[in-house]
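Undergrad: Submitted below is the structure of interest, expressed as structure tokens.
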Amino acid sequence: MAPRALITGITGQDGSFLAEFLLAKGYEVHGIVRRVALEDPEHRLGRLSQIRPRLVLHAASLESYASIHQVVAATIPDECYHLAAQSFVSYSFDDEFSTLQTNINGTHYLLAAIKNLSPRCRFYFAGSSEMFGKVDEVPQNEKTAFHPRSTYGISKVAGFELTRNYRETYGTHATSGILFNHESPRRGFEFVTRKITSGLARIAAGKSRELRLGNLDAKRDWGHAAEYVQAMWRMLQLDEPEDFVIATGQTHSVREFVQLAADHIGLDWEKYVVIDPALYRPSEVNILVGDAAKAARVLGWRPSATFSDIVLEMIRHDCRAVGLPDSASQPQLV
Ligand code: G4F
């Protein structure tokens, strides 16, 4: 019988890559989505359009234990990938309460439902490098202390601790992946990488005159989302659950990202990028760079996409989306 996976956050960047990956491996893939997504599939299920007929989608809310219980009871999954969250760090400064409530309770509800209804199910929690926050060592590994700088980071630390607690207390096969930033052309437009590539493409196409950004000096370890979801699956194949850092080990500033994307289309970015103090965060995570040696050793997982591969894939995609010819023949706008 095909193994059955349940994915929360299946409509997002990671969820859609993971669903494709698991289908290719012969899994029966179920996903939890909001009811509104089923009512407006064109807009809300866009990333799943190619695989939609092969998925079983369930309407439920991570804010309601009853609805989570119902889906877990109906599916009795072998593996559960909990990716859903309020995942935009900036928003967590605007609404601390809902970020904490949704992210912490959602994880707790799912763990409790699995413990009660499907105790042999293997559980993956999407931890985050934001848990490290104000880092006390570079690079960060599984032993680095957490010092989150936002309620988003705090909610992820709480989810990480809940996951560990279920593993130690109830024997749940529960794992946290501590994933550093991971991008692709499916990234949401609010995150800085996609904001940059879509914004520059619109400028190059004459559809926009400026790109407003915040802190260009922040440094992130950016990998490719399609590779990172494979690490999630590898974690759940271990006999004994353990936590893993997933990262490239390279860090680059937001400024470098802008520069490389703009260079690719021959745009003098300094003429178009406006620094907007309102986009600075009240507390910033200045530098993240991960050490994924444990993942390489235990999971045999290694990233292959480089920073420049990712930037180029995204800028080329967004240029095509606004009707520009492929990069080599971009107009020079300097
Ligand atoms: O792209 P970002 O919004 O991602 P951030 O905050 O690093 O978080 C992402 O990665 C985490 C770790 O894996 C995830 F847990 C989380 O869910 C999310 O996927 O911002 C990156 C950096 C920040 O330092 C920010 O201050 O870019 C800086 N930045 C500068 N200008 C901006 C902007 N970020 C955004 N979103 N928009 C700007 O205009």
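The chains in the structure tokens are called A, B, ... from first to last as shown; in each chain the residues are counted from 1, and the ligands are counted from 1 in the order shown.
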Just want the residues within 6 Å of ligand 1, written as a PyMOL selection string, counting only C-alpha atoms and all ligand atoms.
TA: chain A and resi 87-89+128-130+179-181+190-193+213-216+218+254+279-281+285
Undergrad: Run DSSP on the backbone and give me the residues of stretch 120-198 of chain A it puts in helix (DSSP H, G or I), as a PyMOL selection string.
TA: chain A and resi 129-131+151-170+192-198
Undergrad: Of the candidates A:Ile310, A:Leu111, A:Ile275, A:Leu267, which shows the shortest atom-to-atom distance to A:Gly223, using only C-alpha atoms?
TA: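 Closest to A:Gly223, using only C-alpha atoms: A:Ile310.
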Undergrad: Can you tell me, as a PDB file with all heavy atoms, in the first residue's frame, what residues are no more than 7 Å from stretch 113-119 of chain A when counting only C-alpha atoms, ignoring any on the same chain fewer than 5 positions away?
TA:
ATOM      1  N   HIS A  69      -8.344  17.481  14.374  1.00  0.00           N
ATOM      2  CA  HIS A  69      -8.653  16.124  14.848  1.00  0.00           C
ATOM      3  C   HIS A  69      -9.399  15.350  13.756  1.00  0.00           C
ATOM      4  O   HIS A  69      -9.073  14.195  13.459  1.00  0.00           O
ATOM      5  CB  HIS A  69      -9.510  16.245  16.117  1.00  0.00           C
ATOM      6  CG  HIS A  69      -9.872  14.946  16.756  1.00  0.00           C
ATOM      7  ND1 HIS A  69      -9.180  14.408  17.808  1.00  0.00           N
ATOM      8  CD2 HIS A  69     -10.862  14.060  16.473  1.00  0.00           C
ATOM      9  CE1 HIS A  69      -9.720  13.258  18.163  1.00  0.00           C
ATOM     10  NE2 HIS A  69     -10.747  13.018  17.364  1.00  0.00           N
ATOM     11  N   VAL A  72      -7.036  14.372  10.828  1.00  0.00           N
ATOM     12  CA  VAL A  72      -6.100  13.298  11.201  1.00  0.00           C
ATOM     13  C   VAL A  72      -6.869  11.981  11.352  1.00  0.00           C
ATOM     14  O   VAL A  72      -6.415  10.921  10.899  1.00  0.00           O
ATOM     15  CB  VAL A  72      -5.309  13.665  12.481  1.00  0.00           C
ATOM     16  CG1 VAL A  72      -4.427  12.498  12.934  1.00  0.00           C
ATOM     17  CG2 VAL A  72      -4.440  14.897  12.233  1.00  0.00           C
ATOM     18  N   ALA A  73      -8.078  12.041  11.925  1.00  0.00           N
ATOM     19  CA  ALA A  73      -8.891  10.814  12.072  1.00  0.00           C
ATOM     20  C   ALA A  73      -9.275  10.255  10.710  1.00  0.00           C
ATOM     21  O   ALA A  73      -9.293   9.035  10.505  1.00  0.00           O
ATOM     22  CB  ALA A  73     -10.144  11.125  12.895  1.00  0.00           C
ATOM     23  N   ILE A  76      -5.424   9.201   8.965  1.00  0.00           N
ATOM     24  CA  ILE A  76      -4.459   8.330   9.681  1.00  0.00           C
ATOM     25  C   ILE A  76      -3.143   8.272   8.874  1.00  0.00           C
ATOM     26  O   ILE A  76      -2.775   7.235   8.305  1.00  0.00           O
ATOM     27  CB  ILE A  76      -5.031   6.910   9.943  1.00  0.00           C
ATOM     28  CG1 ILE A  76      -6.390   6.995  10.630  1.00  0.00           C
ATOM     29  CG2 ILE A  76      -4.067   6.075  10.775  1.00  0.00           C
ATOM     30  CD1 ILE A  76      -6.365   7.532  12.072  1.00  0.00           C
ATOM     31  N   PRO A  77      -2.438   9.391   8.834  1.00  0.00           N
ATOM     32  CA  PRO A  77      -1.228   9.443   7.991  1.00  0.00           C
ATOM     33  C   PRO A  77      -0.059   8.621   8.543  1.00  0.00           C
ATOM     34  O   PRO A  77       0.035   8.401   9.748  1.00  0.00           O
ATOM     35  CB  PRO A  77      -0.869  10.933   8.002  1.00  0.00           C
ATOM     36  CG  PRO A  77      -1.475  11.473   9.247  1.00  0.00           C
ATOM     37  CD  PRO A  77      -2.692  10.655   9.544  1.00  0.00           C
ATOM     38  N   THR A 172       6.649   9.944  20.334  1.00  0.00           N
ATOM     39  CA  THR A 172       6.282  10.284  18.951  1.00  0.00           C
ATOM     40  C   THR A 172       7.551  10.384  18.107  1.00  0.00           C
ATOM     41  O   THR A 172       8.568  10.922  18.566  1.00  0.00           O
ATOM     42  CB  THR A 172       5.558  11.657  18.916  1.00  0.00           C
ATOM     43  OG1 THR A 172       4.509  11.630  19.892  1.00  0.00           O
ATOM     44  CG2 THR A 172       4.984  11.966  17.542  1.00  0.00           C
TER      45      THR A 172
END
Undergrad: Which of these, A:Arg202, A:Arg44, A:Lys294, A:Arg212, has the shortest distance to A:Asp276 once you count only C-alpha atoms?
TA: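 Counting only C-alpha atoms, the residue closest to A:Asp276 is A:Arg212.
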Undergrad: Leaving out A:Ser198 and any residue of its chain fewer than 4 positions from it, which residues lie within 10 Å of it when counting only C-alpha atoms, given as number ranges by chain?
TA: A: 185, 189, 192-194, 202-204, 211, 314-319, 321-322
Undergrad: With N, CA, C and O atoms retained, could you export that selection as a PDB file, in the first residue's frame?
TA:
ATOM      1  N   PRO A 185      11.287  30.523  -7.620  1.00  0.00           N
ATOM      2  CA  PRO A 185      10.287  31.388  -8.255  1.00  0.00           C
ATOM      3  C   PRO A 185       8.891  31.231  -7.645  1.00  0.00           C
ATOM      4  O   PRO A 185       7.992  32.016  -7.955  1.00  0.00           O
ATOM      5  N   PHE A 189       5.512  36.969  -2.704  1.00  0.00           N
ATOM      6  CA  PHE A 189       6.025  38.287  -3.109  1.00  0.00           C
ATOM      7  C   PHE A 189       6.423  39.178  -1.925  1.00  0.00           C
ATOM      8  O   PHE A 189       7.068  40.190  -2.115  1.00  0.00           O
ATOM      9  N   VAL A 192      11.877  39.060   0.806  1.00  0.00           N
ATOM     10  CA  VAL A 192      12.735  40.033   0.138  1.00  0.00           C
ATOM     11  C   VAL A 192      13.241  39.560  -1.229  1.00  0.00           C
ATOM     12  O   VAL A 192      13.332  40.351  -2.161  1.00  0.00           O
ATOM     13  N   THR A 193      13.554  38.267  -1.347  1.00  0.00           N
ATOM     14  CA  THR A 193      14.120  37.797  -2.619  1.00  0.00           C
ATOM     15  C   THR A 193      13.124  37.983  -3.765  1.00  0.00           C
ATOM     16  O   THR A 193      13.459  38.514  -4.818  1.00  0.00           O
ATOM     17  N   ARG A 194      11.910  37.557  -3.521  1.00  0.00           N
ATOM     18  CA  ARG A 194      10.900  37.642  -4.594  1.00  0.00           C
ATOM     19  C   ARG A 194      10.482  39.099  -4.819  1.00  0.00           C
ATOM     20  O   ARG A 194      10.184  39.513  -5.943  1.00  0.00           O
ATOM     21  N   ARG A 202       9.680  44.298 -13.066  1.00  0.00           N
ATOM     22  CA  ARG A 202       8.637  45.287 -13.410  1.00  0.00           C
ATOM     23  C   ARG A 202       9.267  46.616 -13.838  1.00  0.00           C
ATOM     24  O   ARG A 202       8.788  47.283 -14.755  1.00  0.00           O
ATOM     25  N   ILE A 203      10.372  46.987 -13.169  1.00  0.00           N
ATOM     26  CA  ILE A 203      11.064  48.223 -13.566  1.00  0.00           C
ATOM     27  C   ILE A 203      11.621  48.065 -14.981  1.00  0.00           C
ATOM     28  O   ILE A 203      11.451  48.937 -15.843  1.00  0.00           O
ATOM     29  N   ALA A 204      12.254  46.914 -15.234  1.00  0.00           N
ATOM     30  CA  ALA A 204      12.844  46.684 -16.558  1.00  0.00           C
ATOM     31  C   ALA A 204      11.781  46.696 -17.646  1.00  0.00           C
ATOM     32  O   ALA A 204      12.035  47.105 -18.785  1.00  0.00           O
ATOM     33  N   LEU A 211      11.785  50.526  -6.443  1.00  0.00           N
ATOM     34  CA  LEU A 211      11.648  49.347  -5.580  1.00  0.00           C
ATOM     35  C   LEU A 211      12.019  49.800  -4.179  1.00  0.00           C
ATOM     36  O   LEU A 211      13.159  50.226  -3.935  1.00  0.00           O
ATOM     37  N   MET A 314      15.296  33.056 -10.364  1.00  0.00           N
ATOM     38  CA  MET A 314      14.171  33.900  -9.954  1.00  0.00           C
ATOM     39  C   MET A 314      14.010  35.130 -10.852  1.00  0.00           C
ATOM     40  O   MET A 314      12.901  35.480 -11.257  1.00  0.00           O
ATOM     41  N   ILE A 315      15.118  35.791 -11.178  1.00  0.00           N
ATOM     42  CA  ILE A 315      14.994  37.006 -11.996  1.00  0.00           C
ATOM     43  C   ILE A 315      14.533  36.639 -13.413  1.00  0.00           C
ATOM     44  O   ILE A 315      13.710  37.339 -14.021  1.00  0.00           O
ATOM     45  N   ARG A 316      15.039  35.538 -13.916  1.00  0.00           N
ATOM     46  CA  ARG A 316      14.627  35.133 -15.266  1.00  0.00           C
ATOM     47  C   ARG A 316      13.142  34.790 -15.286  1.00  0.00           C
ATOM     48  O   ARG A 316      12.416  35.179 -16.204  1.00  0.00           O
ATOM     49  N   HIS A 317      12.690  34.090 -14.257  1.00  0.00           N
ATOM     50  CA  HIS A 317      11.274  33.736 -14.173  1.00  0.00           C
ATOM     51  C   HIS A 317      10.414  35.004 -14.128  1.00  0.00           C
ATOM     52  O   HIS A 317       9.410  35.128 -14.826  1.00  0.00           O
ATOM     53  N   ASP A 318      10.824  35.958 -13.294  1.00  0.00           N
ATOM     54  CA  ASP A 318       9.987  37.153 -13.135  1.00  0.00           C
ATOM     55  C   ASP A 318      10.053  38.061 -14.359  1.00  0.00           C
ATOM     56  O   ASP A 318       9.096  38.800 -14.640  1.00  0.00           O
ATOM     57  N   CYS A 319      11.161  38.020 -15.085  1.00  0.00           N
ATOM     58  CA  CYS A 319      11.219  38.770 -16.345  1.00  0.00           C
ATOM     59  C   CYS A 319      10.247  38.156 -17.359  1.00  0.00           C
ATOM     60  O   CYS A 319       9.485  38.872 -18.019  1.00  0.00           O
ATOM     61  N   ALA A 321       7.611  36.565 -16.682  1.00  0.00           N
ATOM     62  CA  ALA A 321       6.243  36.823 -16.209  1.00  0.00           C
ATOM     63  C   ALA A 321       5.728  38.197 -16.629  1.00  0.00           C
ATOM     64  O   ALA A 321       4.525  38.391 -16.770  1.00  0.00           O
ATOM     65  N   VAL A 322       6.643  39.167 -16.823  1.00  0.00           N
ATOM     66  CA  VAL A 322       6.186  40.496 -17.262  1.00  0.00           C
ATOM     67  C   VAL A 322       6.401  40.683 -18.765  1.00  0.00           C
ATOM     68  O   VAL A 322       6.354  41.802 -19.276  1.00  0.00           O
TER      69      VAL A 322
END
Undergrad: Using only C-alpha atoms, which residues sit within 8 Å of A:Val71 once same-chain residues fewer than 3 positions away are excluded, as a PDB file with N, CA and C atoms, in the first residue's frame?
TA:
ATOM      1  N   ILE A  32      -3.884  19.873   4.051  1.00  0.00           N
ATOM      2  CA  ILE A  32      -4.859  20.685   4.784  1.00  0.00           C
ATOM      3  C   ILE A  32      -4.832  22.087   4.190  1.00  0.00           C
ATOM      4  N   HIS A  58      -8.162  18.688   2.228  1.00  0.00           N
ATOM      5  CA  HIS A  58      -9.152  18.728   3.309  1.00  0.00           C
ATOM      6  C   HIS A  58      -9.239  20.158   3.829  1.00  0.00           C
ATOM      7  N   ALA A  60      -9.643  22.653   6.657  1.00  0.00           N
ATOM      8  CA  ALA A  60      -9.529  22.682   8.121  1.00  0.00           C
ATOM      9  C   ALA A  60      -8.774  23.941   8.513  1.00  0.00           C
ATOM     10  N   SER A  67     -11.168  20.674  14.049  1.00  0.00           N
ATOM     11  CA  SER A  67     -11.022  20.428  12.606  1.00  0.00           C
ATOM     12  C   SER A  67      -9.737  19.651  12.310  1.00  0.00           C
ATOM     13  N   ILE A  68      -8.699  19.888  13.072  1.00  0.00           N
ATOM     14  CA  ILE A  68      -7.446  19.143  12.879  1.00  0.00           C
ATOM     15  C   ILE A  68      -7.665  17.675  13.259  1.00  0.00           C
ATOM     16  N   ALA A  74      -9.547  11.128   9.766  1.00  0.00           N
ATOM     17  CA  ALA A  74      -9.986  10.668   8.436  1.00  0.00           C
ATOM     18  C   ALA A  74      -8.823  10.130   7.608  1.00  0.00           C
ATOM     19  N   THR A  75      -7.605  10.616   7.880  1.00  0.00           N
ATOM     20  CA  THR A  75      -6.487  10.217   7.005  1.00  0.00           C
ATOM     21  C   THR A  75      -5.567   9.174   7.652  1.00  0.00           C
TER      22      THR A  75
END
Undergrad: Got a sec: who's within 10 Å of A:Gly177, counting only C-alpha atoms, leaving out chain neighbours fewer than 2 positions off, as a list of chain:residue names?
TA: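 Non-adjacent residues within range: A:Tyr124, A:Phe125, A:Ala126, A:Gly127, A:Ser128, A:Ser129, A:Glu142, A:Phe160, A:Thr175, A:Leu179, A:Phe180, A:Tyr228, A:Val229, A:Ala231, A:Met232, A:Met235, A:Glu242, A:Asp243, A:Phe244, A:Val245, A:Ile246, A:Ala295.
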Undergrad: For A:Gly15, which residue among A:Asn105, A:Trp233, A:Pro3, A:Pro139 is the nearest when counting only C-alpha atoms?
TA: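 Ranked by minimum distance to A:Gly15, first place goes to A:Trp233.
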Undergrad: Which polymer residues have any atom within 6 Å of an atom of A:Asn141, counting only C-alpha atoms, with same-chain residues fewer than 2 positions away left out, as an MDAnalysis selection string?
TA: chainID A and resid 143:144 291
Undergrad: Take the selection from the previous step and output its residues with N, CA, C and O atoms, as a compact mmCIF listing (two decimals), in the first residue's frame.
TA:
# COMPACT_ATOMS: atom_id res chain seq x y z
N LYS A 143 23.52 22.73 17.90
CA LYS A 143 23.82 23.00 19.32
C LYS A 143 23.82 24.49 19.65
O LYS A 143 23.95 24.88 20.82
N THR A 144 23.69 25.33 18.66
CA THR A 144 23.72 26.79 18.88
C THR A 144 22.49 27.21 19.70
O THR A 144 21.38 26.73 19.44
N ASP A 291 25.41 25.58 9.48
CA ASP A 291 26.37 24.49 9.32
C ASP A 291 25.54 23.20 9.23
O ASP A 291 25.04 22.70 10.24
Undergrad: What are the closest atom pairs, with distances in Å to one decimal, for all residues of stretch 118-177 of chain A lying within 10 Å of stretch 90-100 of chain A? Consider only C-alpha atoms, order rows by chain and residue number, and present the result as a tab-separated table.
TA:
residue	atom	partner	partner_atom	distance
A:Ser150	CA	A:Ser92	CA	6.8
A:Thr151	CA	A:Glu96	CA	5.8
A:Tyr152	CA	A:Ser92	CA	5.6
A:Gly153	CA	A:Ser92	CA	9.0
A:Ile154	CA	A:Leu100	CA	7.7
A:Ser155	CA	A:Leu100	CA	5.3
A:Lys156	CA	A:Leu100	CA	8.9
A:Ala158	CA	A:Leu100	CA	9.0
Undergrad: Give me every strand (DSSP E or B) residue in stretch 46-228 of chain A, going by DSSP on the backbone, as an MDAnalysis selection string.
TA: chainID A and resid 55:59 79:82 122:128 140 173:179 182:183 211:213 219:220 223:224
Undergrad: With C-alpha atoms retained, export the selected residues as a compact mmCIF listing (two decimals), in the first residue's frame.
TA:
# COMPACT_ATOMS: atom_id res chain seq x y z
CA LEU A 55 -4.02 15.31 -4.24
CA VAL A 56 -6.67 14.88 -1.57
CA LEU A 57 -7.33 18.27 0.00
CA HIS A 58 -9.15 18.73 3.31
CA ALA A 59 -10.62 22.00 4.55
CA GLU A 79 3.97 10.89 7.78
CA CYS A 80 2.84 14.40 8.66
CA TYR A 81 4.73 17.48 7.46
CA HIS A 82 3.69 20.54 9.42
CA ARG A 122 6.15 10.36 11.80
CA PHE A 123 5.93 14.10 12.36
CA TYR A 124 8.01 16.87 10.80
CA PHE A 125 8.01 20.38 12.25
CA ALA A 126 9.21 23.28 10.13
CA GLY A 127 11.62 24.97 12.50
CA SER A 128 13.49 28.05 11.32
CA GLN A 140 24.91 28.04 13.52
CA HIS A 173 8.61 10.03 15.95
CA ALA A 174 8.85 13.82 15.89
CA THR A 175 11.59 15.81 14.16
CA SER A 176 12.35 19.48 13.64
CA GLY A 177 14.16 20.71 10.58
CA ILE A 178 15.92 24.01 11.31
CA LEU A 179 15.77 25.37 7.80
CA HIS A 182 15.05 28.87 1.01
CA GLU A 183 13.78 30.44 -2.15
CA LEU A 211 11.65 49.35 -5.58
CA ARG A 212 11.31 50.20 -1.90
CA LEU A 213 13.43 48.09 0.45
CA LYS A 219 22.85 38.66 5.60
CA ARG A 220 21.09 35.39 4.94
CA GLY A 223 19.23 27.85 -0.50
CA HIS A 224 16.77 26.37 -2.98
Undergrad: I need the residue nearest A:Gln259 from this list: A:Gln86, A:Ser308, A:Gln70, A:Asn286. Use only C-alpha atoms for the distance.
TA: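 When distances to A:Gln259 are compared using only C-alpha atoms, the smallest one comes from A:Ser308.
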Undergrad: Could you tell me which of A:Gly133, A:Pro53, A:Gly159, A:Gly188 comes closest to A:Thr102 if we count only C-alpha atoms?
TA: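 The closest residue to A:Thr102 is A:Gly159.
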Undergrad: When you count only C-alpha atoms, which of these residues is closest to A:Arg47: A:Glu20, A:Glu63, A:Asp263, A:Glu313?
TA: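 Looking only at the distances to A:Arg47, the closest residue turns out to be A:Glu20.
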Undergrad: For the atom pair atom CA of A:Ser208 and atom CA of A:His43, what is the interatomic distance in Å to one decimal place?
TA: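 Taking atom CA of A:Ser208 and atom CA of A:His43, their separation equals 23.0 Å.
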